[in-house]
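Asks: Input coords-v3.txt, format and content: compact mmCIF, C-alpha atoms and all ligand atoms.
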# COMPACT_ATOMS: atom_id res chain seq x y z
CA MET A 1 -24.49 0.51 12.26
CA ALA A 2 -22.57 -2.55 11.06
CA ILE A 3 -18.93 -1.94 10.15
CA PRO A 4 -18.60 -2.17 6.33
CA LYS A 5 -16.56 -5.16 5.24
CA ILE A 6 -14.15 -5.13 2.33
CA PRO A 7 -15.45 -7.76 -0.16
CA THR A 8 -13.57 -11.04 -0.45
CA VAL A 9 -13.40 -12.99 -3.70
CA ASP A 10 -12.37 -16.59 -4.25
CA LEU A 11 -9.97 -16.66 -7.20
CA THR A 12 -10.21 -20.44 -7.82
CA PRO A 13 -12.06 -20.15 -11.18
CA PHE A 14 -9.23 -18.04 -12.59
CA PHE A 15 -6.79 -20.93 -12.21
CA ILE A 16 -8.91 -23.28 -14.31
CA GLU A 17 -10.42 -23.33 -17.80
CA GLY A 18 -14.15 -22.64 -18.14
CA TYR A 19 -16.31 -21.60 -15.17
CA GLU A 20 -17.29 -18.50 -17.12
CA ASP A 21 -20.36 -17.73 -14.97
CA GLU A 22 -18.29 -17.90 -11.79
CA LYS A 23 -15.63 -15.70 -13.36
CA ARG A 24 -18.24 -13.13 -14.33
CA LYS A 25 -19.58 -13.04 -10.77
CA ILE A 26 -16.07 -12.44 -9.43
CA VAL A 27 -15.49 -9.70 -11.97
CA ASP A 28 -18.74 -8.03 -10.84
CA SER A 29 -17.76 -8.26 -7.16
CA ILE A 30 -14.32 -6.81 -7.83
CA ASN A 31 -15.80 -3.97 -9.86
CA LYS A 32 -18.19 -3.14 -7.05
CA ALA A 33 -15.40 -3.34 -4.45
CA CYS A 34 -13.14 -1.16 -6.59
CA SER A 35 -15.76 1.51 -7.07
CA GLU A 36 -16.76 1.51 -3.39
CA TYR A 37 -13.40 1.09 -1.68
CA GLY A 38 -10.54 0.65 -4.19
CA PHE A 39 -9.69 -2.42 -2.09
CA PHE A 40 -10.71 -6.08 -2.27
CA GLN A 41 -9.51 -9.26 -0.59
CA ILE A 42 -8.62 -12.48 -2.36
CA VAL A 43 -8.64 -16.06 -1.08
CA ASN A 44 -7.54 -19.26 -2.83
CA HIS A 45 -4.88 -17.11 -4.47
CA GLY A 46 -2.28 -19.87 -4.56
CA VAL A 47 0.28 -18.23 -2.26
CA PRO A 48 1.03 -21.02 0.26
CA LEU A 49 -0.03 -20.30 3.85
CA ASP A 50 3.11 -22.02 5.16
CA LEU A 51 5.19 -19.52 3.24
CA THR A 52 3.29 -16.41 4.37
CA ASN A 53 3.38 -17.65 8.00
CA GLU A 54 7.11 -18.33 7.80
CA ALA A 55 7.85 -14.98 6.14
CA MET A 56 5.80 -13.14 8.79
CA LYS A 57 7.62 -14.99 11.59
CA LEU A 58 11.04 -14.13 10.12
CA SER A 59 10.05 -10.52 9.53
CA LYS A 60 8.82 -10.09 13.13
CA ALA A 61 12.03 -11.65 14.46
CA PHE A 62 14.13 -9.35 12.27
CA PHE A 63 12.41 -6.18 13.49
CA GLU A 64 12.70 -7.39 17.09
CA SER A 65 16.43 -8.03 16.69
CA PRO A 66 18.98 -5.57 18.19
CA THR A 67 19.34 -2.24 16.40
CA GLU A 68 22.99 -3.01 15.48
CA ALA A 69 21.90 -6.15 13.64
CA LYS A 70 19.24 -4.22 11.71
CA LEU A 71 21.60 -1.37 10.90
CA LYS A 72 23.89 -3.86 9.14
CA CYS A 73 21.14 -4.08 6.52
CA CYS A 74 20.95 -0.32 5.81
CA PRO A 75 21.09 0.70 2.15
CA LEU A 76 24.54 1.74 0.93
CA PRO A 77 24.89 5.56 1.13
CA ASN A 78 24.97 6.04 -2.64
CA ALA A 79 22.61 3.22 -3.67
CA LEU A 80 20.24 4.24 -6.45
CA VAL A 81 17.43 2.36 -4.78
CA PRO A 82 17.17 2.20 -0.99
CA ALA A 83 16.76 -1.58 -0.75
CA GLY A 84 17.41 -2.78 2.79
CA TYR A 85 16.42 -1.64 6.27
CA SER A 86 15.30 1.89 7.16
CA LYS A 87 13.49 3.49 10.03
CA LYS A 88 11.35 6.60 9.93
CA PRO A 89 13.03 9.32 12.00
CA ASN A 90 11.58 10.10 15.38
CA PRO A 91 9.89 12.49 15.92
CA SER A 92 8.14 12.08 12.64
CA TYR A 93 4.64 12.38 11.27
CA GLU A 94 4.57 8.64 10.80
CA PHE A 95 6.38 5.85 12.49
CA ASN A 96 7.46 2.52 11.11
CA GLU A 97 10.51 0.44 10.27
CA TYR A 98 10.81 -1.37 6.99
CA LEU A 99 12.93 -3.60 4.78
CA ILE A 100 12.69 -2.96 1.04
CA MET A 101 13.33 -5.89 -1.31
CA LEU A 102 13.80 -5.69 -5.07
CA PRO A 103 13.34 -8.66 -7.43
CA PRO A 104 15.37 -11.73 -6.42
CA GLY A 105 18.90 -11.48 -7.76
CA SER A 106 19.06 -7.66 -7.67
CA ASP A 107 22.51 -6.40 -6.67
CA PHE A 108 20.94 -3.79 -4.38
CA ASN A 109 19.17 -6.28 -2.11
CA ILE A 110 20.52 -6.47 1.43
CA PHE A 111 19.26 -9.25 3.69
CA PRO A 112 20.25 -10.13 7.26
CA GLU A 113 22.72 -13.00 7.36
CA ASN A 114 20.79 -14.66 10.17
CA PRO A 115 18.78 -16.73 10.14
CA PRO A 116 20.33 -18.18 6.96
CA GLU A 117 16.93 -18.98 5.41
CA PHE A 118 15.80 -15.33 5.58
CA ARG A 119 16.84 -14.49 2.03
CA GLU A 120 15.41 -17.65 0.49
CA VAL A 121 12.02 -17.26 2.19
CA MET A 122 11.72 -13.59 1.21
CA GLU A 123 12.74 -14.30 -2.37
CA GLU A 124 10.15 -17.05 -2.54
CA LEU A 125 7.52 -14.69 -1.13
CA PHE A 126 8.51 -12.13 -3.77
CA SER A 127 8.14 -14.72 -6.54
CA GLN A 128 4.76 -15.85 -5.23
CA PHE A 129 3.47 -12.28 -5.00
CA LEU A 130 4.69 -11.68 -8.52
CA LYS A 131 2.85 -14.78 -9.74
CA ILE A 132 -0.44 -13.81 -8.11
CA GLY A 133 0.14 -10.22 -9.25
CA MET A 134 0.15 -11.43 -12.85
CA VAL A 135 -3.15 -13.24 -12.27
CA VAL A 136 -4.66 -10.14 -10.63
CA GLU A 137 -3.44 -8.04 -13.58
CA ARG A 138 -5.31 -10.35 -15.95
CA VAL A 139 -8.45 -10.32 -13.79
CA LEU A 140 -8.37 -6.52 -13.51
CA SER A 141 -8.12 -6.25 -17.31
CA GLU A 142 -11.31 -8.27 -17.54
CA CYS A 143 -12.94 -6.15 -14.82
CA LEU A 144 -12.17 -3.12 -16.96
CA GLY A 145 -13.84 -4.74 -19.96
CA LEU A 146 -10.51 -5.17 -21.75
CA PRO A 147 -9.00 -8.31 -23.32
CA PRO A 148 -7.05 -10.10 -20.55
CA HIS A 149 -3.59 -9.24 -21.91
CA VAL A 150 -4.01 -5.46 -22.35
CA LEU A 151 -2.34 -4.35 -19.11
CA LYS A 152 0.45 -6.89 -19.56
CA ASP A 153 1.02 -5.69 -23.12
CA PHE A 154 1.18 -2.09 -21.89
CA ASN A 155 3.96 -2.98 -19.45
CA ASP A 156 5.76 -6.29 -19.33
CA ASP A 157 8.81 -5.06 -17.41
CA ARG A 158 8.56 -6.49 -13.91
CA SER A 159 11.94 -5.21 -12.72
CA TRP A 160 10.40 -2.17 -10.97
CA ASP A 161 8.23 -4.22 -8.62
CA PHE A 162 9.25 -4.25 -4.99
CA LEU A 163 8.28 -5.83 -1.70
CA ILE A 164 8.36 -4.11 1.69
CA ALA A 165 8.30 -5.84 5.05
CA LEU A 166 6.84 -3.33 7.53
CA CYS A 167 6.77 -3.10 11.29
CA TYR A 168 4.66 -0.50 13.11
CA LEU A 169 5.61 0.06 16.72
CA PRO A 170 2.89 0.31 19.37
CA ALA A 171 1.05 3.63 19.60
CA THR A 172 2.15 6.16 22.17
CA GLU A 173 -0.16 8.65 23.81
CA LYS A 174 0.94 11.39 21.40
CA GLU A 175 1.58 9.36 18.25
CA ARG A 176 -0.86 6.99 16.64
CA ILE A 177 0.03 7.27 12.96
CA GLY A 178 1.98 4.35 11.50
CA ALA A 179 1.72 5.36 7.84
CA SER A 180 0.12 8.70 7.08
CA SER A 181 -2.77 9.10 4.68
CA HIS A 182 -1.59 8.29 1.12
CA LYS A 183 -2.39 6.74 -2.24
CA ASP A 184 -0.01 4.12 -3.67
CA VAL A 185 2.13 5.01 -6.70
CA SER A 186 1.87 1.44 -8.05
CA CYS A 187 -0.49 -0.08 -10.60
CA PHE A 188 -1.89 -2.06 -7.69
CA THR A 189 -0.58 -3.28 -4.36
CA ILE A 190 -0.92 -6.66 -2.67
CA VAL A 191 -0.91 -6.52 1.13
CA LEU A 192 -0.44 -9.29 3.64
CA GLN A 193 -1.44 -8.22 7.16
CA ASP A 194 -0.72 -10.07 10.37
CA GLU A 195 -3.57 -10.51 12.88
CA VAL A 196 -3.18 -6.99 14.28
CA ALA A 197 -5.61 -4.45 12.80
CA GLY A 198 -4.52 -0.95 11.80
CA LEU A 199 -4.98 -0.43 8.05
CA GLU A 200 -7.81 1.98 7.20
CA VAL A 201 -9.33 3.17 3.93
CA GLN A 202 -11.09 6.48 3.46
CA LYS A 203 -14.64 6.27 2.15
CA ASP A 204 -17.06 9.21 1.99
CA GLY A 205 -14.81 11.18 4.34
CA LYS A 206 -14.75 8.43 6.98
CA TRP A 207 -11.96 6.02 7.90
CA ILE A 208 -12.92 2.36 7.64
CA LEU A 209 -10.84 -0.32 9.28
CA ILE A 210 -9.78 -3.20 7.02
CA ALA A 211 -9.91 -6.06 9.50
CA PRO A 212 -7.29 -8.75 8.89
CA GLN A 213 -8.74 -11.98 7.52
CA PRO A 214 -6.60 -15.09 8.01
CA GLY A 215 -5.36 -16.53 4.72
CA ALA A 216 -6.58 -13.58 2.64
CA LEU A 217 -4.47 -11.11 0.70
CA LEU A 218 -5.61 -7.55 0.13
CA VAL A 219 -5.40 -5.82 -3.21
CA ASN A 220 -5.68 -2.07 -3.67
CA ILE A 221 -5.66 0.02 -6.81
CA GLY A 222 -2.71 2.40 -7.27
CA ASP A 223 -2.23 5.73 -9.04
CA ALA A 224 -0.81 4.21 -12.24
CA LEU A 225 -4.00 2.23 -12.86
CA GLN A 226 -6.10 5.27 -11.95
CA VAL A 227 -4.39 7.24 -14.74
CA LEU A 228 -4.39 4.40 -17.30
CA THR A 229 -8.13 3.91 -16.79
CA ASN A 230 -8.83 7.67 -16.82
CA ASP A 231 -10.34 7.41 -13.31
CA LYS A 232 -12.51 4.36 -14.01
CA PHE A 233 -10.59 2.71 -11.16
CA LYS A 234 -9.57 5.10 -8.39
CA SER A 235 -6.57 4.72 -6.14
CA PRO A 236 -7.93 4.73 -2.57
CA THR A 237 -6.60 6.96 0.21
CA HIS A 238 -5.47 4.80 3.10
CA ARG A 239 -3.34 4.96 6.23
CA VAL A 240 -2.11 2.76 9.05
CA MET A 241 -2.87 3.47 12.70
CA ARG A 242 -0.50 1.97 15.24
CA PRO A 243 -2.04 -0.55 17.62
CA ASN A 244 -2.11 -0.27 21.39
CA GLY A 245 0.35 -2.32 23.36
CA ARG A 246 1.86 -4.35 20.52
CA SER A 247 3.54 -4.08 17.15
CA ARG A 248 1.90 -4.72 13.80
CA ASN A 249 3.66 -6.41 10.88
CA SER A 250 2.69 -6.47 7.24
CA PHE A 251 4.09 -6.97 3.75
CA ALA A 252 3.21 -4.77 0.79
CA PHE A 253 4.05 -5.83 -2.77
CA PHE A 254 3.97 -2.99 -5.28
CA TYR A 255 3.04 -4.22 -8.74
CA SER A 256 4.51 -1.34 -10.71
CA LEU A 257 5.33 -0.11 -14.18
CA SER A 258 8.71 0.40 -15.74
CA GLY A 259 10.08 3.77 -14.64
CA ASP A 260 10.80 4.57 -18.29
CA LYS A 261 7.17 4.23 -19.25
CA TRP A 262 5.16 7.26 -20.31
CA VAL A 263 1.87 7.03 -18.49
CA GLU A 264 -1.38 8.51 -19.75
CA PRO A 265 -4.99 7.33 -20.03
CA LEU A 266 -5.30 4.38 -22.44
CA PRO A 267 -7.24 4.97 -25.70
CA GLN A 268 -9.85 2.42 -24.54
CA PHE A 269 -10.87 4.91 -21.83
CA THR A 270 -10.55 8.07 -23.91
CA LYS A 271 -10.53 8.22 -27.74
CA GLU A 272 -12.43 4.97 -28.24
CA ILE A 273 -15.31 6.10 -26.02
CA ALA A 274 -15.10 9.81 -26.89
CA GLU A 275 -13.90 10.82 -23.41
CA LYS A 276 -11.30 13.51 -22.76
CA PRO A 277 -8.11 12.38 -21.00
CA LYS A 278 -8.10 13.53 -17.37
CA TYR A 279 -4.28 13.40 -17.09
CA ARG A 280 -1.38 14.66 -19.17
CA PRO A 281 1.35 12.16 -20.06
CA PHE A 282 4.20 11.82 -17.57
CA LEU A 283 7.26 9.68 -17.12
CA TYR A 284 6.56 7.15 -14.38
CA LYS A 285 9.95 7.53 -12.72
CA GLU A 286 9.50 11.30 -12.56
CA TYR A 287 6.36 10.76 -10.48
CA ILE A 288 8.14 8.18 -8.28
CA GLN A 289 10.88 10.75 -7.70
CA LYS A 290 8.41 13.50 -6.77
CA ARG A 291 6.71 11.19 -4.30
CA LYS A 292 10.09 10.32 -2.76
CA GLU A 293 10.83 14.02 -2.40
CA ASN A 294 7.59 14.47 -0.41
CA LYS A 295 9.03 12.01 2.08
CA SER A 296 12.54 13.41 2.22
CA LYS A 297 11.27 16.98 2.63
CA HIS A 298 9.05 15.75 5.46
CA VAL A 299 6.00 17.42 4.04
CA THR A 300 3.60 17.24 6.94
CA ARG A 301 0.35 18.39 5.40
CA LEU A 302 -1.29 16.18 2.79
CA GLU A 303 -2.32 19.26 0.79
CA ASP A 304 1.36 20.22 0.38
CA GLU A 305 2.32 16.84 -1.06
CA ILE A 306 2.66 16.10 -4.74
CA THR A 307 0.06 13.50 -5.61
CA ILE A 308 -1.30 12.16 -8.86
CA SER A 309 -3.50 15.28 -9.18
CA HIS A 310 -0.28 17.08 -10.12
CA TYR A 311 -0.76 15.59 -13.63
CA ALA A 312 -4.52 16.17 -13.82
CA ILE A 313 -5.73 18.25 -16.74
O1 LIG A 401 0.92 -1.92 6.32
C1 LIG A 401 -0.10 -1.95 5.63
O2 LIG A 401 -1.07 -2.66 5.91
C2 LIG A 401 -0.21 -1.10 4.38
C3 LIG A 401 1.05 -0.37 4.03
C4 LIG A 401 0.87 0.64 2.95
O3 LIG A 401 -0.18 1.19 2.75
C5 LIG A 401 2.02 0.98 2.08
O4 LIG A 401 3.14 0.55 2.37
O5 LIG A 401 1.82 1.68 1.07
FE FE A 402 -0.16 2.12 0.79
Output the structure of this file as structure tokens.
Replies:
Amino acid sequence: MAIPKIPTVDLTPFFIEGYEDEKRKIVDSINKACSEYGFFQIVNHGVPLDLTNEAMKLSKAFFESPTEAKLKCCPLPNALVPAGYSKKPNPSYEFNEYLIMLPPGSDFNIFPENPPEFREVMEELFSQFLKIGMVVERVLSECLGLPPHVLKDFNDDRSWDFLIALCYLPATEKERIGASSHKDVSCFTIVLQDEVAGLEVQKDGKWILIAPQPGALLVNIGDALQVLTNDKFKSPTHRVMRPNGRSRNSFAFFYSLSGDKWVEPLPQFTKEIAEKPKYRPFLYKEYIQKRKENKSKHVTRLEDEITISHYAI
């Protein structure tokens, strides 16, 4: 049987006026992809290839640098947000190293001093992801049958977005998991993979590999959008398997909500269509905190973790 392929859409029409038929076709493809996988790929997204190549090169070099150099970028012990470099403990139920970056200019950000362009390139990548994130937000509103500004109007605070550079070390005989099975907390996530496969999405109980496609960015729905749409869009379960014999690098940009936002299904998906809300209201940062606690308590079984079902009615 052929391996299912995550649909790819060309976003060009969304950068120009008109082209309504083309836009409608894209909206249909995204809707289909979201209901089947919760993932879709985008091309002609406007994020320059030179920039993504450069950022990937710098990220790989950073993770390959000596441990002492990386440890200089560790978050400060009492930082509210763990921006900077961290490594999953070993042994652990997952295994990766990562560098968390908050919006450019944040006081918490910690970048390596060398090479000197590291900060500038990552800040530019952040800004570009933010820009395409705003386009995707508008497109998703349309996919949901809403006026294009509805999601933006619900949350226009972009200070909770963050970018992670990730590095998964090669698999060992015993350990293959890079990131264990999870659903993202975000509204949606934009992922840039290098050429090494490893990301998988769960569909009908089976794991499907999301093969890297040069020049494409991946988008997946997150828990916040699942709740806002009262399950019309579902946040997919995914994981990362570590490759054999080499490392895998990726970037994930979490297009979030303000932590102070109360999240519950929007009236367009409940009252206005006579549907009962499937979730009770919750404070977004409370959910973020609970998900962080899963990690720090090293919950090893998915069924013991707090997930978005915690708020289900
Ligand atoms: O590394 C990847 O491809 C995806 C990472 C991911 O799922 C996450 O950080 O939430
Ligand atoms: Fe994820």
Asks: Select the residues contacting ligand LIG 401 (chain A) at a distance of at most 10 Å, based on only C-alpha atoms and all ligand atoms, then format the selection as a PyMOL selection string.
Replies: chain A and resi 96+98+163-168+178-186+189-194+196-201+210+212+218+220+222+237-242+248-254
Asks: Between A:Glu264, A:Asp223, A:Asp156, A:Glu305, which one has atoms that come closest to ligand FE 402 (chain A), using all atoms listed in the file?
Replies: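 Smallest separation from ligand FE 402 (chain A) among the options: A:Asp223.
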Asks: Can you pull out the residues contacting A:Glu173? Cut-off 12 Å, using all atoms listed in the file, and skip same-chain residues under 3 positions away; I want them as a compact mmCIF listing (two decimals) with C-alpha atoms, in the frame of the given file.
Replies:
# COMPACT_ATOMS: atom_id res chain seq x y z
CA PRO A 170 2.89 0.31 19.37
CA ARG A 176 -0.86 6.99 16.64
CA ILE A 177 0.03 7.27 12.96
CA ARG A 242 -0.50 1.97 15.24
CA PRO A 243 -2.04 -0.55 17.62
CA ASN A 244 -2.11 -0.27 21.39
CA GLY A 245 0.35 -2.32 23.36
Asks: For atom CA of A:Tyr255 and atom CA of A:Pro7, quote the distance in Å rounded to one decimal.
Replies: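 Calculated distance between atom CA of A:Tyr255 and atom CA of A:Pro7 is 20.7 Å.
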Asks: Which residue out of A:Ser29, A:Ser65, A:Ser59, A:Ser235 has the minimum interatomic distance to ligand FE 402 (chain A) when only C-alpha atoms and all ligand atoms are used?
Replies: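 So, comparing all the options, the nearest one is A:Ser235.
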Asks: Please identify all polymer residues within 8 Å of A:Phe129, counting only C-alpha atoms, omitting same-chain residues fewer than 3 positions from it, and present them as a list in words.
Replies: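 Close residues of A:Phe129: Val47, Leu125, Phe126, Ile132, Gly133, Ile190 and Phe253 of chain A.
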Asks: Save the residues we just selected, C-alpha atoms, as a PDB file, in the frame of the given file?
Replies:
ATOM      1  CA  VAL A  47       0.280 -18.230  -2.260  1.00  0.00           C
ATOM      2  CA  LEU A 125       7.520 -14.690  -1.130  1.00  0.00           C
ATOM      3  CA  PHE A 126       8.510 -12.130  -3.770  1.00  0.00           C
ATOM      4  CA  ILE A 132      -0.440 -13.810  -8.110  1.00  0.00           C
ATOM      5  CA  GLY A 133       0.140 -10.220  -9.250  1.00  0.00           C
ATOM      6  CA  ILE A 190      -0.920  -6.660  -2.670  1.00  0.00           C
ATOM      7  CA  PHE A 253       4.050  -5.830  -2.770  1.00  0.00           C
TER       8      PHE A 253
END
Asks: For a quick check of understanding, using only C-alpha atoms, which of A:Asn294, A:Pro267, A:Arg158, A:Tyr311 has the smallest distance to A:Arg280?
Replies: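 Of the candidates, the smallest distance to A:Arg280 is held by A:Tyr311.
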Asks: How far is it from atom CA of A:Pro112 to atom CA of A:Asp161, in Å with one decimal?
Replies: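 According to the coordinates, atom CA of A:Pro112 and atom CA of A:Asp161 are separated by 20.8 Å.
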